[in-house]
Amino acid sequence: MNNWEKTIIVIQKQLINSQIKSPQVFLIDHENNNRGLTDTYEALQLAESLELDLIVVSEGKDAPVAKIINYGKLQYQKKKRQGQSARPTVKEVRLRPNVGVADYKLRIEQAVGWLSKGDSVKFAIRLRGREHQYREQAGELLERVVNDLGQVGKVQSLDKRSLTAQVIPA
């Protein structure tokens, strides 16, 4: 085999019920009580009597650790956790001090949508060149943003020096 490396991808599925071939397992029951080393057959009987599944949580040296839980519910929770971690939680909106009325309304509507979904929104006002002479107007714009979003969110931080405001869902 030449100097090519072969990469083997192992997808490990969780063993459920009759797929468990080990004669004994360390059992954790449906109430999270440690039952100790138990015969796999007895653990399966207990799981079936509770109308739940016996799932291998981790492979141990001596015997695998198995837990009695609802497999469908476990998969749903995993998928839900995976979906939550994938999406960003802070959205940033950058404005200029002389923003138009239509643009301002659009940004506020977007922020209301994000806040209703549970994301937090960070507003930043950028100043360029001669705009630095009118910092007070930029501060007033920031106050107006905070007031307009007062219904759907609450202010986590408001920094007039750096002209930023972070709003979190109410």
# chains A, B, ... in the order shown; residues from 1 in each chain; ligands from 1
>>> residues_around(residues="range 150-165 of chain A", least_positions_apart="6", cutoff="8 Å", atoms="only C-alpha atoms", output="VMD selection string")
chain A and resid 112 115 to 116 122 to 126 138 to 139 142
>>> write_last_selection(atoms="C-alpha atoms", output="PDB file, in the first residue's frame")
ATOM      1  CA  VAL A 112     -37.579  43.420  17.232  1.00  0.00           C
ATOM      2  CA  LEU A 115     -35.322  39.865  20.155  1.00  0.00           C
ATOM      3  CA  SER A 116     -38.595  37.957  19.793  1.00  0.00           C
ATOM      4  CA  LYS A 122     -25.885  45.034  19.854  1.00  0.00           C
ATOM      5  CA  PHE A 123     -26.209  48.514  18.364  1.00  0.00           C
ATOM      6  CA  ALA A 124     -23.051  50.383  17.418  1.00  0.00           C
ATOM      7  CA  ILE A 125     -22.934  53.906  16.044  1.00  0.00           C
ATOM      8  CA  ARG A 126     -19.910  54.578  13.853  1.00  0.00           C
ATOM      9  CA  ALA A 138     -25.009  60.084  18.062  1.00  0.00           C
ATOM     10  CA  GLY A 139     -25.729  59.687  21.796  1.00  0.00           C
ATOM     11  CA  LEU A 142     -28.554  55.623  20.759  1.00  0.00           C
TER      12      LEU A 142
END
>>> select_by_dssp(residues="chain A", states="strand (DSSP E)", output="PyMOL selection string")
chain A and resi 24-28+34-39+53-58+65-69+90-95+120-125+153-159+164-169
>>> atom_distance(atom1="CA of Gln82 in chain A", atom2="CA of Ile20 in chain A")
26.2 Å
>>> residues_around(residues="Ser22 in chain A", least_positions_apart="3", cutoff="9 Å", atoms="only C-alpha atoms", output="PDB file with C-alpha atoms, in the first residue's frame")
ATOM      1  CA  VAL A  25     -23.682  -3.959  32.525  1.00  0.00           C
ATOM      2  CA  ASP A  39     -26.979  -9.081  34.142  1.00  0.00           C
ATOM      3  CA  THR A  40     -27.934  -7.582  30.788  1.00  0.00           C
ATOM      4  CA  ALA A  63     -18.637  -3.798  31.592  1.00  0.00           C
ATOM      5  CA  PRO A  64     -20.404  -1.002  29.708  1.00  0.00           C
TER       6      PRO A  64
END
>>> residues_around(residues="Lys13 in chain A", least_positions_apart="5", cutoff="12 Å", atoms="only C-alpha atoms", output="list of chain:residue names")
A:Gln19, A:Ile20, A:Ile55, A:Val56, A:Val57, A:Ser58, A:Glu59, A:Gln75
>>> residues_around(residues="range 101-110 of chain A", least_positions_apart="6", cutoff="10 Å", atoms="only C-alpha atoms", output="JSON list (two decimals) with N, CA and C atoms, in the first residue's frame")
[["chain", "number", "residue", "atom", "x", "y", "z"],
["A", 91, "LYS", "N", -26.64, 39.55, 17.67],
["A", 91, "LYS", "CA", -26.69, 40.17, 16.34],
["A", 91, "LYS", "C", -26.19, 41.60, 16.49],
["A", 93, "VAL", "N", -25.94, 45.52, 14.89],
["A", 93, "VAL", "CA", -26.48, 46.49, 13.95],
["A", 93, "VAL", "C", -25.60, 47.73, 14.03],
["A", 94, "ARG", "N", -25.05, 48.13, 12.90],
["A", 94, "ARG", "CA", -24.21, 49.33, 12.86],
["A", 94, "ARG", "C", -24.99, 50.45, 12.19],
["A", 95, "LEU", "N", -24.98, 51.59, 12.84],
["A", 95, "LEU", "CA", -25.67, 52.76, 12.31],
["A", 95, "LEU", "C", -24.70, 53.92, 12.19],
["A", 116, "SER", "N", -37.47, 38.88, 19.58],
["A", 116, "SER", "CA", -38.59, 37.96, 19.79],
["A", 116, "SER", "C", -38.16, 36.50, 19.62],
["A", 121, "VAL", "N", -29.27, 41.86, 20.79],
["A", 121, "VAL", "CA", -28.89, 42.74, 19.70],
["A", 121, "VAL", "C", -27.95, 43.81, 20.22],
["A", 123, "PHE", "N", -26.19, 47.36, 19.25],
["A", 123, "PHE", "CA", -26.21, 48.51, 18.36],
["A", 123, "PHE", "C", -24.91, 49.27, 18.52],
["A", 141, "LEU", "N", -29.24, 59.48, 19.27],
["A", 141, "LEU", "CA", -29.71, 58.38, 18.41],
["A", 141, "LEU", "C", -29.70, 57.06, 19.18],
["A", 145, "VAL", "N", -32.86, 54.60, 20.05],
["A", 145, "VAL", "CA", -32.89, 53.16, 19.78],
["A", 145, "VAL", "C", -33.34, 52.41, 21.04],
["A", 146, "VAL", "N", -32.75, 52.76, 22.18],
["A", 146, "VAL", "CA", -33.09, 52.09, 23.45],
["A", 146, "VAL", "C", -34.56, 52.31, 23.80],
["A", 148, "ASP", "N", -37.05, 52.95, 21.68],
["A", 148, "ASP", "CA", -37.90, 52.24, 20.72],
["A", 148, "ASP", "C", -37.94, 50.74, 20.99],
["A", 149, "LEU", "N", -36.88, 50.19, 21.56],
["A", 149, "LEU", "CA", -36.84, 48.76, 21.83],
["A", 149, "LEU", "C", -37.22, 48.44, 23.28]]
>>> residues_around(residues="range 70-74 of chain A", least_positions_apart="4", cutoff="12 Å", atoms="only C-alpha atoms", output="NGL selection string")
:A and (14-17 or 29-30 or 47-48 or 50-57 or 78-81)
>>> select_by_dssp(residues="chain A", states="helix (DSSP H, G or I)", output="count of residues only")
66
>>> residues_around(residues="Arg128 in chain A", least_positions_apart="4", cutoff="12 Å", atoms="only C-alpha atoms", output="list of chain:residue names")
A:Leu95, A:Arg96, A:Pro97, A:Asn98, A:His132, A:Gln133, A:Tyr134, A:Arg135, A:Ala138
>>> write_last_selection(atoms="C-alpha atoms", output="short mmCIF file (atom, residue, chain, number, x, y, z; two decimals), in the first residue's frame")
data_model
loop_
_atom_site.label_atom_id
_atom_site.label_comp_id
_atom_site.auth_asym_id
_atom_site.auth_seq_id
_atom_site.Cartn_x
_atom_site.Cartn_y
_atom_site.Cartn_z
CA LEU A 95 -25.67 52.76 12.31
CA ARG A 96 -24.34 56.16 11.28
CA PRO A 97 -25.48 59.30 13.10
CA ASN A 98 -27.27 60.70 10.03
CA HIS A 132 -16.88 63.21 15.65
CA GLN A 133 -17.82 66.85 16.28
CA TYR A 134 -21.44 65.78 16.71
CA ARG A 135 -21.07 63.00 19.29
CA ALA A 138 -25.01 60.08 18.06
#
